[in-house]
$ cat entry33.cif   # mmCIF, C-alpha atoms
data_final
loop_
_atom_site.label_atom_id
_atom_site.label_comp_id
_atom_site.auth_asym_id
_atom_site.auth_seq_id
_atom_site.Cartn_x
_atom_site.Cartn_y
_atom_site.Cartn_z
CA MET A 1 -11.55 40.80 17.54
CA CYS A 2 -12.90 38.10 15.22
CA THR A 3 -15.92 36.36 16.81
CA VAL A 4 -15.10 33.08 15.02
CA CYS A 5 -11.39 32.49 15.69
CA HIS A 6 -10.76 35.28 18.27
CA LYS A 7 -7.87 36.73 16.24
CA ARG A 8 -7.24 40.43 16.99
CA PHE A 9 -6.63 43.24 14.47
CA SER A 10 -5.30 46.77 14.76
CA SER A 11 -7.79 48.22 12.27
CA LYS A 12 -11.43 47.68 11.31
CA PRO A 13 -10.66 47.15 7.55
CA GLY A 14 -8.24 44.36 8.50
CA LEU A 15 -10.94 42.68 10.59
CA THR A 16 -13.51 43.11 7.79
CA ASP A 17 -11.22 41.46 5.24
CA HIS A 18 -10.39 38.66 7.68
CA ARG A 19 -14.06 37.83 8.30
CA LYS A 20 -14.53 37.17 4.58
CA LYS A 21 -12.23 34.14 4.95
CA HIS A 22 -14.77 32.51 7.24
CA THR A 23 -17.77 33.29 5.05
CA GLY A 24 -16.03 32.36 1.78
CA GLN A 25 -16.82 35.79 0.29
CA ASN A 26 -14.55 37.05 -2.51
CA PHE A 27 -15.32 40.45 -3.97
CA CYS A 28 -12.30 41.28 -6.16
CA SER A 29 -11.60 39.23 -9.28
CA CYS A 30 -8.52 39.24 -11.50
CA SER A 31 -9.51 40.22 -15.04
CA GLN A 32 -6.82 37.96 -16.56
CA CYS A 33 -7.20 34.64 -14.75
CA GLY A 34 -10.49 34.96 -12.85
CA LYS A 35 -9.01 34.32 -9.39
CA ARG A 36 -10.95 36.05 -6.61
CA PHE A 37 -9.61 37.92 -3.59
CA ILE A 38 -10.99 39.27 -0.33
CA SER A 39 -9.47 42.75 -0.76
CA GLN A 40 -8.23 45.12 -3.43
CA GLN A 41 -4.77 45.07 -1.81
CA THR A 42 -4.30 41.31 -2.26
CA LEU A 43 -5.62 41.60 -5.82
CA SER A 44 -3.05 44.33 -6.59
CA ARG A 45 -0.22 42.09 -5.36
CA HIS A 46 -1.54 39.20 -7.46
CA VAL A 47 -1.75 41.29 -10.66
CA ASN A 48 2.07 41.55 -10.66
CA ILE A 49 2.19 37.87 -11.63
CA HIS A 50 0.68 38.71 -15.02
CA ALA A 51 2.84 41.81 -15.51
CA GLU A 52 5.90 41.77 -17.77
CA LYS A 53 7.89 43.51 -15.01
CA TYR A 54 9.24 40.30 -13.44
CA LYS A 55 9.29 37.96 -16.43
CA CYS A 56 11.83 35.18 -16.85
CA THR A 57 13.72 35.55 -20.13
CA GLU A 58 14.35 31.78 -20.25
CA CYS A 59 10.81 30.39 -20.10
CA GLY A 60 8.50 33.43 -20.03
CA LYS A 61 7.15 32.76 -16.52
CA CYS A 62 6.05 35.88 -14.62
CA CYS A 63 6.77 36.31 -10.91
CA ASN A 64 5.15 38.71 -8.47
CA SER A 65 8.44 40.17 -7.12
CA ARG A 66 12.13 40.62 -7.93
CA SER A 67 13.13 38.11 -5.23
CA SER A 68 10.71 35.50 -6.61
CA LEU A 69 12.16 35.97 -10.07
CA ALA A 70 15.72 35.57 -8.74
CA ALA A 71 14.72 32.34 -6.96
CA HIS A 72 13.00 31.07 -10.13
CA ARG A 73 16.08 31.75 -12.30
CA ARG A 74 18.05 29.30 -10.17
CA VAL A 75 15.89 26.56 -11.68
CA HIS A 76 17.50 27.25 -15.06
CA SER A 77 21.03 27.85 -13.77
CA GLY A 78 21.01 24.74 -11.58
CA GLU A 79 22.32 26.81 -8.65
CA LYS A 80 21.28 25.20 -5.37
CA GLN A 81 23.36 26.53 -2.51
CA PHE A 82 21.16 25.55 0.44
CA GLU A 83 21.68 21.94 1.58
CA CYS A 84 19.56 19.87 3.98
CA THR A 85 21.70 18.54 6.85
CA VAL A 86 19.55 15.40 7.15
CA CYS A 87 19.24 14.07 3.59
CA SER A 88 21.73 16.35 1.72
CA LYS A 89 19.06 17.50 -0.75
CA ARG A 90 19.85 20.97 -2.11
CA PHE A 91 17.57 23.96 -2.75
CA GLY A 92 17.73 27.27 -4.57
CA SER A 93 16.48 29.37 -1.62
CA SER A 94 16.56 29.33 2.16
CA HIS A 95 12.75 29.42 2.22
CA GLU A 96 12.55 26.16 0.24
CA LEU A 97 15.05 24.58 2.65
CA VAL A 98 13.01 25.66 5.70
CA LEU A 99 9.83 24.15 4.23
CA HIS A 100 11.68 20.94 3.31
CA SER A 101 13.25 20.58 6.78
CA ARG A 102 9.78 20.30 8.29
CA ILE A 103 9.41 16.94 6.51
CA HIS A 104 12.15 15.61 8.78
CA SER A 105 11.20 17.48 11.97
CA GLY A 106 7.44 17.04 11.65
CA GLU A 107 6.96 20.70 12.58
CA LYS A 108 3.52 22.05 11.67
CA PRO A 109 3.25 25.66 12.85
CA TYR A 110 0.11 26.55 10.89
CA LYS A 111 -3.09 25.35 12.58
CA CYS A 112 -6.67 25.51 11.30
CA HIS A 113 -8.86 27.47 13.72
CA LEU A 114 -11.93 25.46 12.67
CA CYS A 115 -10.77 21.86 13.09
CA GLU A 116 -7.32 22.13 14.77
CA LYS A 117 -5.61 20.35 11.85
CA ALA A 118 -2.01 21.56 11.46
CA PHE A 119 0.19 22.15 8.39
CA SER A 120 3.86 22.71 7.65
CA ASN A 121 3.30 25.79 5.46
CA SER A 122 0.76 28.59 5.16
CA SER A 123 -0.30 27.77 1.58
CA ASN A 124 -1.44 24.28 2.61
CA LEU A 125 -3.43 25.83 5.47
CA GLN A 126 -5.09 28.31 3.11
CA ARG A 127 -6.00 25.48 0.73
CA HIS A 128 -7.39 23.43 3.64
CA VAL A 129 -9.56 26.27 4.98
CA ARG A 130 -11.38 26.24 1.64
CA VAL A 131 -12.68 22.78 2.57
CA HIS A 132 -14.68 24.48 5.34
CA THR A 133 -15.70 27.59 3.37
CA GLY A 134 -16.37 25.83 0.06
CA ASP A 135 -14.41 28.52 -1.77
CA LYS A 136 -12.87 27.55 -5.14
CA PRO A 137 -11.07 30.66 -6.45
CA TYR A 138 -9.28 29.03 -9.40
CA LYS A 139 -11.46 28.75 -12.49
CA CYS A 140 -10.61 26.82 -15.65
CA SER A 141 -10.88 29.11 -18.69
CA LEU A 142 -11.75 26.15 -20.93
CA CYS A 143 -14.62 24.45 -19.09
CA ASP A 144 -15.48 26.85 -16.20
CA LYS A 145 -14.75 24.17 -13.59
CA CYS A 146 -13.45 25.66 -10.31
CA PHE A 147 -10.70 24.41 -7.99
CA THR A 148 -9.33 25.13 -4.52
CA SER A 149 -5.71 25.62 -5.62
CA SER A 150 -3.65 26.60 -8.67
CA SER A 151 -1.90 23.21 -8.63
CA CYS A 152 -5.27 21.45 -8.89
CA LEU A 153 -6.23 23.75 -11.77
CA GLN A 154 -2.97 23.10 -13.66
CA SER A 155 -3.31 19.38 -13.04
CA HIS A 156 -6.88 19.49 -14.40
CA LYS A 157 -5.80 21.35 -17.55
CA GLY A 158 -3.03 18.83 -18.18
CA ARG A 159 -5.32 15.83 -17.77
CA ALA A 160 -8.56 17.08 -19.29
CA HIS A 161 -7.54 19.58 -21.98
CA SER A 162 -4.12 18.51 -23.20
CA ASN A 163 -2.43 15.43 -24.62
CA ARG A 164 1.06 16.93 -24.33
CA ARG A 165 3.57 14.93 -22.29
CA LEU A 166 6.56 17.17 -21.55
CA TYR A 167 8.37 15.22 -18.84
CA ASP A 168 10.24 11.98 -19.59
CA CYS A 169 11.81 9.48 -17.20
CA ARG A 170 15.58 9.18 -17.70
CA TYR A 171 15.49 5.55 -16.54
CA CYS A 172 12.77 4.02 -18.71
CA GLY A 173 11.83 6.79 -21.17
CA LYS A 174 8.18 6.99 -20.14
CA TRP A 175 6.56 10.42 -20.65
CA TYR A 176 4.24 12.25 -18.24
CA LYS A 177 1.99 15.28 -18.44
CA GLU A 178 2.87 16.55 -14.96
CA LYS A 179 6.28 17.02 -13.34
CA ILE A 180 5.04 15.89 -9.93
CA ILE A 181 3.87 12.56 -11.36
CA LEU A 182 7.29 12.07 -12.95
CA THR A 183 8.97 12.83 -9.62
CA LEU A 184 6.89 10.14 -7.90
CA HIS A 185 7.57 7.70 -10.75
CA VAL A 186 11.37 8.17 -10.60
CA ARG A 187 11.37 7.06 -6.95
CA ILE A 188 10.42 3.58 -8.17
CA HIS A 189 13.73 3.42 -10.04
CA THR A 190 15.91 5.10 -7.41
CA GLY A 191 14.24 3.77 -4.29
CA ALA A 192 14.30 7.30 -2.80
CA LYS A 193 12.32 7.71 0.42
CA PRO A 194 12.33 11.42 1.31
CA TYR A 195 9.73 11.21 4.09
CA SER A 196 11.16 10.11 7.44
CA CYS A 197 9.34 9.36 10.70
CA LYS A 198 10.43 11.59 13.59
CA HIS A 199 9.70 8.81 16.10
CA CYS A 200 11.56 5.91 14.49
CA SER A 201 14.00 5.14 11.67
CA LYS A 202 11.38 4.28 9.03
CA ARG A 203 11.29 6.21 5.73
CA PHE A 204 8.65 6.38 3.00
CA MET A 205 8.32 7.19 -0.71
CA LEU A 206 5.02 9.06 -0.29
CA HIS A 207 3.82 11.58 2.27
CA SER A 208 0.52 9.70 2.51
CA GLN A 209 2.47 6.57 3.56
CA LEU A 210 4.15 8.55 6.33
CA LYS A 211 0.79 9.91 7.54
CA THR A 212 -0.68 6.40 7.68
CA HIS A 213 2.40 5.13 9.54
CA LEU A 214 2.13 7.91 12.14
CA LEU A 215 -1.52 7.07 12.70
CA LYS A 216 -1.10 3.30 12.93
CA THR A 217 2.20 3.09 14.78
CA HIS A 218 2.48 6.28 16.83
CA ASN A 219 -1.18 7.31 17.16
CA GLU A 220 -0.40 10.75 15.76
CA GLY A 221 -2.85 12.59 13.51
CA THR A 222 -6.55 12.27 12.76
CA TRP A 223 -8.24 9.33 11.05
CA LEU A 224 -10.70 10.01 8.23
CA THR A 225 -13.82 7.85 8.56
CA CYS A 226 -16.17 6.63 5.83
CA ASN A 227 -19.69 7.74 6.76
CA ILE A 228 -21.16 4.58 5.18
CA CYS A 229 -19.10 1.69 6.58
CA GLN A 230 -17.00 3.51 9.22
CA LYS A 231 -13.73 2.28 7.70
CA LYS A 232 -10.80 4.55 8.60
CA PHE A 233 -8.19 6.07 6.28
CA GLY A 234 -4.98 8.01 6.73
CA CYS A 235 -5.42 10.48 3.83
CA ASN A 236 -8.27 12.10 1.93
CA HIS A 237 -7.29 10.55 -1.43
CA ASP A 238 -7.68 7.01 -0.05
CA LEU A 239 -11.07 7.90 1.43
CA LYS A 240 -12.28 9.31 -1.91
CA GLN A 241 -11.14 6.18 -3.74
CA HIS A 242 -12.96 4.06 -1.17
CA LEU A 243 -16.23 6.02 -1.44
CA ILE A 244 -16.35 5.28 -5.18
CA ARG A 245 -16.74 1.58 -4.32
CA HIS A 246 -19.96 2.23 -2.42
CA THR A 247 -21.56 3.42 -5.66
CA ASP A 248 -21.11 -0.10 -7.12
CA VAL A 249 -20.50 1.50 -10.52
CA LYS A 250 -17.46 0.47 -12.58
CA PRO A 251 -17.33 2.90 -15.53
CA PHE A 252 -13.87 1.94 -16.83
CA VAL A 253 -13.99 -1.03 -19.23
CA CYS A 254 -10.99 -2.93 -20.60
CA SER A 255 -10.87 -2.95 -24.41
CA GLU A 256 -9.18 -6.38 -24.42
CA CYS A 257 -11.46 -8.29 -22.05
CA PRO A 258 -14.87 -7.87 -20.31
CA MET A 259 -13.44 -6.64 -16.99
CA HIS A 260 -14.73 -3.38 -15.46
CA PHE A 261 -12.98 -1.11 -12.93
CA TYR A 262 -13.83 1.64 -10.46
CA THR A 263 -10.96 3.97 -11.42
CA ALA A 264 -8.81 4.81 -14.45
CA ALA A 265 -5.70 3.89 -12.44
CA GLU A 266 -7.03 0.36 -11.90
CA LEU A 267 -7.76 0.03 -15.62
CA ARG A 268 -4.26 1.23 -16.57
CA SER A 269 -2.70 -1.24 -14.16
CA HIS A 270 -4.84 -4.06 -15.55
CA SER A 271 -4.09 -3.13 -19.19
CA LEU A 272 -0.42 -3.93 -18.61
CA MET A 273 -1.38 -7.59 -18.31
CA HIS A 274 -2.37 -7.54 -21.99
CA SER A 275 0.92 -5.95 -23.03
CA ASN A 276 4.45 -7.28 -23.32
CA VAL A 277 5.92 -3.87 -22.49
CA LYS A 278 7.97 -3.83 -19.30
CA GLN A 279 8.32 -0.16 -18.43
CA PHE A 280 9.28 -0.32 -14.75
CA CYS A 281 12.99 -0.81 -14.06
CA CYS A 282 14.76 -1.67 -10.80
CA GLY A 283 17.40 0.97 -10.07
CA LEU A 284 19.71 -1.62 -8.45
CA CYS A 285 19.81 -4.53 -10.91
CA SER A 286 18.18 -2.99 -14.04
CA ARG A 287 15.55 -5.74 -14.20
CA TYR A 288 12.30 -4.67 -15.89
CA PHE A 289 8.70 -5.35 -14.83
CA ARG A 290 5.23 -4.81 -16.30
CA ARG A 291 3.61 -3.41 -13.18
CA ARG A 292 4.64 -0.69 -10.74
CA GLN A 293 3.81 -2.76 -7.66
CA SER A 294 5.97 -5.62 -8.94
CA VAL A 295 9.07 -3.44 -9.15
CA VAL A 296 8.35 -1.91 -5.72
CA GLU A 297 8.18 -5.36 -4.13
CA HIS A 298 11.24 -6.52 -6.07
CA PHE A 299 13.24 -3.47 -5.00
CA LYS A 300 12.73 -4.34 -1.32
CA THR A 301 14.13 -7.83 -1.87
CA CYS A 302 16.91 -6.60 -4.14
CA SER A 303 18.09 -3.96 -1.65
CA ARG A 304 18.17 -6.51 1.18
CA LYS A 305 20.29 -8.90 -0.92
CA LEU A 306 22.64 -6.06 -1.79
CA LYS A 307 23.14 -5.20 1.89
CA ILE A 308 23.85 -8.84 2.77
CA SER A 309 26.38 -9.19 -0.07
CA LYS A 310 28.37 -6.21 1.26
CA PHE A 311 29.11 -7.99 4.55
#
$ encode --input "entry33.cif" --output "structure tokens"
Amino acid sequence: MCTVCHKRFSSKPGLTDHRKKHTGQNFCSCSQCGKRFISQQTLSRHVNIHAEKYKCTECGKCCNSRSSLAAHRRVHSGEKQFECTVCSKRFGSSHELVLHSRIHSGEKPYKCHLCEKAFSNSSNLQRHVRVHTGDKPYKCSLCDKCFTSSSCLQSHKGRAHSNRRLYDCRYCGKWYKEKIILTLHVRIHTGAKPYSCKHCSKRFMLHSQLKTHLLKTHNEGTWLTCNICQKKFGCNHDLKQHLIRHTDVKPFVCSECPMHFYTAAELRSHSLMHSNVKQFCCGLCSRYFRRRQSVVEHFKTCSRKLKISKF
């Protein structure tokens, strides 16, 4: 039995490998990508990702199993046979549908044994545990910076080491480096709100908005507190952005005027004031706006008017 989380194991090697998760020890490293693992067995499973055995002929991506490759190929074929009964969104595999359905149900079966925080899938739990252990198994091959997840590593490479923008918005033509950022951007045009509250009828564009709503309205979840001013936040990103303001340093300077900003996002938003480009479009009336927040506020008014006109 593990003395930290009291989990039981049928063999001593299993217990030994499990204990490494608490200490943050990683003894086996992949020779191709540098990712570290707690046992040779998990490393052997990972190595299949780099093998040519399960390689997609369409895009060259390698998968670690035949079933993963089959699920990936559905991305190219457009085949999505599993449909959500709540929002009608379709998925290429039953596993993706199960994970998605937890957005609507609020089910979080994976709980951290160190802080009791719960998650809807095991990968998010594994990533969270690294907050406690300090482990960062994903290493950038270009600058040696380490990250807690592969998505963070890929995001870093796209922002820091590449100027390529592969994903374009079909509504306004704007290009993005990351697909996830494009997905969030498109919701401004469509008004899509995929995150629904299980206690009331409210829906939200972002998961962070849902988390904050649950905390404020239904007292569900855990507040994150600033250790300097004790201000509370619903998500870690908002807390990090807030902590920057305690440094009183504004490193981002506008090239058109003397204004300084805490973050690059604030500078980008401000820069639109010096431009005549209106890149944000309302998906209901096709009106264009300079700033993202302007189109979000407009969309609320526009959708209400549309509902009234139908009656």
$ resolve_selection --input "entry33.cif" --expression "the PyMOL selection byres ((chain A and resi 156) around 12)" --output "short mmCIF file (atom, residue, chain, number, x, y, z; two decimals) with C-alpha atoms, in the frame of the given file"
data_model
loop_
_atom_site.label_atom_id
_atom_site.label_comp_id
_atom_site.auth_asym_id
_atom_site.auth_seq_id
_atom_site.Cartn_x
_atom_site.Cartn_y
_atom_site.Cartn_z
CA TYR A 138 -9.28 29.03 -9.40
CA LYS A 139 -11.46 28.75 -12.49
CA CYS A 140 -10.61 26.82 -15.65
CA SER A 141 -10.88 29.11 -18.69
CA LEU A 142 -11.75 26.15 -20.93
CA CYS A 143 -14.62 24.45 -19.09
CA ASP A 144 -15.48 26.85 -16.20
CA LYS A 145 -14.75 24.17 -13.59
CA CYS A 146 -13.45 25.66 -10.31
CA PHE A 147 -10.70 24.41 -7.99
CA THR A 148 -9.33 25.13 -4.52
CA SER A 149 -5.71 25.62 -5.62
CA SER A 150 -3.65 26.60 -8.67
CA SER A 151 -1.90 23.21 -8.63
CA CYS A 152 -5.27 21.45 -8.89
CA LEU A 153 -6.23 23.75 -11.77
CA GLN A 154 -2.97 23.10 -13.66
CA SER A 155 -3.31 19.38 -13.04
CA LYS A 157 -5.80 21.35 -17.55
CA GLY A 158 -3.03 18.83 -18.18
CA ARG A 159 -5.32 15.83 -17.77
CA ALA A 160 -8.56 17.08 -19.29
CA HIS A 161 -7.54 19.58 -21.98
CA SER A 162 -4.12 18.51 -23.20
CA ASN A 163 -2.43 15.43 -24.62
CA LYS A 177 1.99 15.28 -18.44
CA GLU A 178 2.87 16.55 -14.96
#
$ atom_distance --input "entry33.cif" --atom1 "atom CA of Arg73 of chain A" --atom2 "atom CA of Lys179 of chain A"
17.7 Å
$ closest_residue --input "entry33.cif" --among "A:Asp248, A:Arg291, A:Ser44, A:Tyr176" --to "Arg268 of chain A" --atoms "only C-alpha atoms"
A:Arg291
$ residues_around --input "entry33.cif" --residues "segment 100-115 of chain A" --least-positions-apart "4" --cutoff "12 Å" --atoms "only C-alpha atoms" --output "PyMOL selection string"
chain A and resi 2-7+21-22+82-96+119-133+193-204+206-207+210-211+214+220-222
$ closest_residue --input "entry33.cif" --among "A:Phe37, A:Phe280, A:Tyr171, A:Phe252" --to "Arg292 of chain A" --atoms "only C-alpha atoms"
A:Phe280
$ residues_around --input "entry33.cif" --residues "His246 of chain A" --least-positions-apart "2" --cutoff "12 Å" --atoms "all atoms listed in the file" --output "JSON, numbers by chain"
{"A": [226, 227, 228, 229, 231, 239, 240, 241, 242, 243, 244, 248, 249, 250, 262]}
$ atom_distance --input "entry33.cif" --atom1 "atom CA of Phe299 of chain A" --atom2 "atom CA of Cys282 of chain A"
6.3 Å
$ resolve_selection --input "entry33.cif" --expression "the PyMOL selection byres ((chain A and resi 293) around 12)" --output "PyMOL selection string"
chain A and resi 185+188-189+269-270+272+279-282+288-292+294-300
$ atom_distance --input "entry33.cif" --atom1 "atom CA of Ser271 of chain A" --atom2 "atom CA of Val186 of chain A"
21.0 Å
$ decode --input "entry33.cif" --residues "segment 162-191 of chain A" --atoms "N, CA and C atoms" --output "mmCIF file, in the first residue's frame"
data_model
loop_
_atom_site.group_PDB
_atom_site.id
_atom_site.type_symbol
_atom_site.label_atom_id
_atom_site.label_comp_id
_atom_site.auth_asym_id
_atom_site.auth_seq_id
_atom_site.Cartn_x
_atom_site.Cartn_y
_atom_site.Cartn_z
ATOM 1 N N SER A 162 8.047 29.916 -34.224
ATOM 2 C CA SER A 162 7.473 29.847 -35.570
ATOM 3 C C SER A 162 6.586 31.050 -35.852
ATOM 4 N N ASN A 163 6.639 31.505 -37.082
ATOM 5 C CA ASN A 163 5.758 32.588 -37.529
ATOM 6 C C ASN A 163 4.656 32.071 -38.454
ATOM 7 N N ARG A 164 4.578 30.751 -38.600
ATOM 8 C CA ARG A 164 3.590 30.151 -39.499
ATOM 9 C C ARG A 164 2.192 30.220 -38.891
ATOM 10 N N ARG A 165 1.239 30.650 -39.680
ATOM 11 C CA ARG A 165 -0.167 30.691 -39.270
ATOM 12 C C ARG A 165 -0.945 29.800 -40.236
ATOM 13 N N LEU A 166 -1.315 28.607 -39.753
ATOM 14 C CA LEU A 166 -1.906 27.587 -40.615
ATOM 15 C C LEU A 166 -3.429 27.567 -40.596
ATOM 16 N N TYR A 167 -4.029 28.214 -39.612
ATOM 17 C CA TYR A 167 -5.479 28.095 -39.430
ATOM 18 C C TYR A 167 -6.158 29.447 -39.659
ATOM 19 N N ASP A 168 -7.083 29.492 -40.640
ATOM 20 C CA ASP A 168 -7.759 30.747 -40.964
ATOM 21 C C ASP A 168 -9.240 30.678 -40.613
ATOM 22 N N CYS A 169 -9.779 31.819 -40.211
ATOM 23 C CA CYS A 169 -11.196 31.928 -39.855
ATOM 24 C C CYS A 169 -12.023 32.069 -41.135
ATOM 25 N N ARG A 170 -13.044 31.231 -41.286
ATOM 26 C CA ARG A 170 -13.858 31.269 -42.507
ATOM 27 C C ARG A 170 -14.819 32.453 -42.524
ATOM 28 N N TYR A 171 -14.933 33.158 -41.399
ATOM 29 C CA TYR A 171 -15.851 34.298 -41.324
ATOM 30 C C TYR A 171 -15.146 35.618 -41.656
ATOM 31 N N CYS A 172 -13.936 35.806 -41.118
ATOM 32 C CA CYS A 172 -13.259 37.084 -41.317
ATOM 33 C C CYS A 172 -11.884 36.948 -41.965
ATOM 34 N N GLY A 173 -11.410 35.711 -42.182
ATOM 35 C CA GLY A 173 -10.148 35.505 -42.873
ATOM 36 C C GLY A 173 -8.905 35.664 -42.026
ATOM 37 N N LYS A 174 -9.061 35.892 -40.726
ATOM 38 C CA LYS A 174 -7.895 36.062 -39.864
ATOM 39 C C LYS A 174 -7.200 34.712 -39.667
ATOM 40 N N TRP A 175 -5.856 34.742 -39.616
ATOM 41 C CA TRP A 175 -5.061 33.523 -39.493
ATOM 42 C C TRP A 175 -4.520 33.374 -38.076
ATOM 43 N N TYR A 176 -4.392 32.111 -37.636
ATOM 44 C CA TYR A 176 -3.894 31.822 -36.288
ATOM 45 C C TYR A 176 -2.849 30.712 -36.335
ATOM 46 N N LYS A 177 -1.960 30.740 -35.373
ATOM 47 C CA LYS A 177 -0.913 29.728 -35.270
ATOM 48 C C LYS A 177 -1.449 28.425 -34.691
ATOM 49 N N GLU A 178 -2.427 28.518 -33.796
ATOM 50 C CA GLU A 178 -2.932 27.340 -33.102
ATOM 51 C C GLU A 178 -4.411 27.110 -33.404
ATOM 52 N N LYS A 179 -4.778 25.841 -33.574
ATOM 53 C CA LYS A 179 -6.156 25.483 -33.908
ATOM 54 C C LYS A 179 -7.102 25.825 -32.766
ATOM 55 N N ILE A 180 -6.649 25.638 -31.524
ATOM 56 C CA ILE A 180 -7.509 25.907 -30.372
ATOM 57 C C ILE A 180 -7.862 27.386 -30.272
ATOM 58 N N ILE A 181 -6.913 28.255 -30.629
ATOM 59 C CA ILE A 181 -7.186 29.695 -30.609
ATOM 60 C C ILE A 181 -8.196 30.054 -31.689
ATOM 61 N N LEU A 182 -8.093 29.410 -32.845
ATOM 62 C CA LEU A 182 -9.074 29.626 -33.910
ATOM 63 C C LEU A 182 -10.457 29.178 -33.460
ATOM 64 N N THR A 183 -10.526 28.030 -32.794
ATOM 65 C CA THR A 183 -11.814 27.514 -32.310
ATOM 66 C C THR A 183 -12.483 28.506 -31.372
ATOM 67 N N LEU A 184 -11.700 29.089 -30.469
ATOM 68 C CA LEU A 184 -12.246 30.080 -29.535
ATOM 69 C C LEU A 184 -12.676 31.342 -30.283
ATOM 70 N N HIS A 185 -11.885 31.737 -31.288
ATOM 71 C CA HIS A 185 -12.193 32.930 -32.068
ATOM 72 C C HIS A 185 -13.506 32.777 -32.839
ATOM 73 N N VAL A 186 -13.723 31.615 -33.442
ATOM 74 C CA VAL A 186 -14.919 31.380 -34.260
ATOM 75 C C VAL A 186 -16.198 31.536 -33.447
ATOM 76 N N ARG A 187 -16.128 31.236 -32.149
ATOM 77 C CA ARG A 187 -17.317 31.368 -31.293
ATOM 78 C C ARG A 187 -17.808 32.807 -31.211
ATOM 79 N N ILE A 188 -16.920 33.762 -31.460
ATOM 80 C CA ILE A 188 -17.327 35.170 -31.481
ATOM 81 C C ILE A 188 -18.293 35.408 -32.641
ATOM 82 N N HIS A 189 -18.010 34.761 -33.774
ATOM 83 C CA HIS A 189 -18.858 34.916 -34.957
ATOM 84 C C HIS A 189 -20.162 34.120 -34.827
ATOM 85 N N THR A 190 -20.058 32.905 -34.320
ATOM 86 C CA THR A 190 -21.226 32.015 -34.281
ATOM 87 C C THR A 190 -22.076 32.185 -33.031
ATOM 88 N N GLY A 191 -21.451 32.707 -31.974
ATOM 89 C CA GLY A 191 -22.181 32.823 -30.709
ATOM 90 C C GLY A 191 -22.323 31.504 -29.978
#
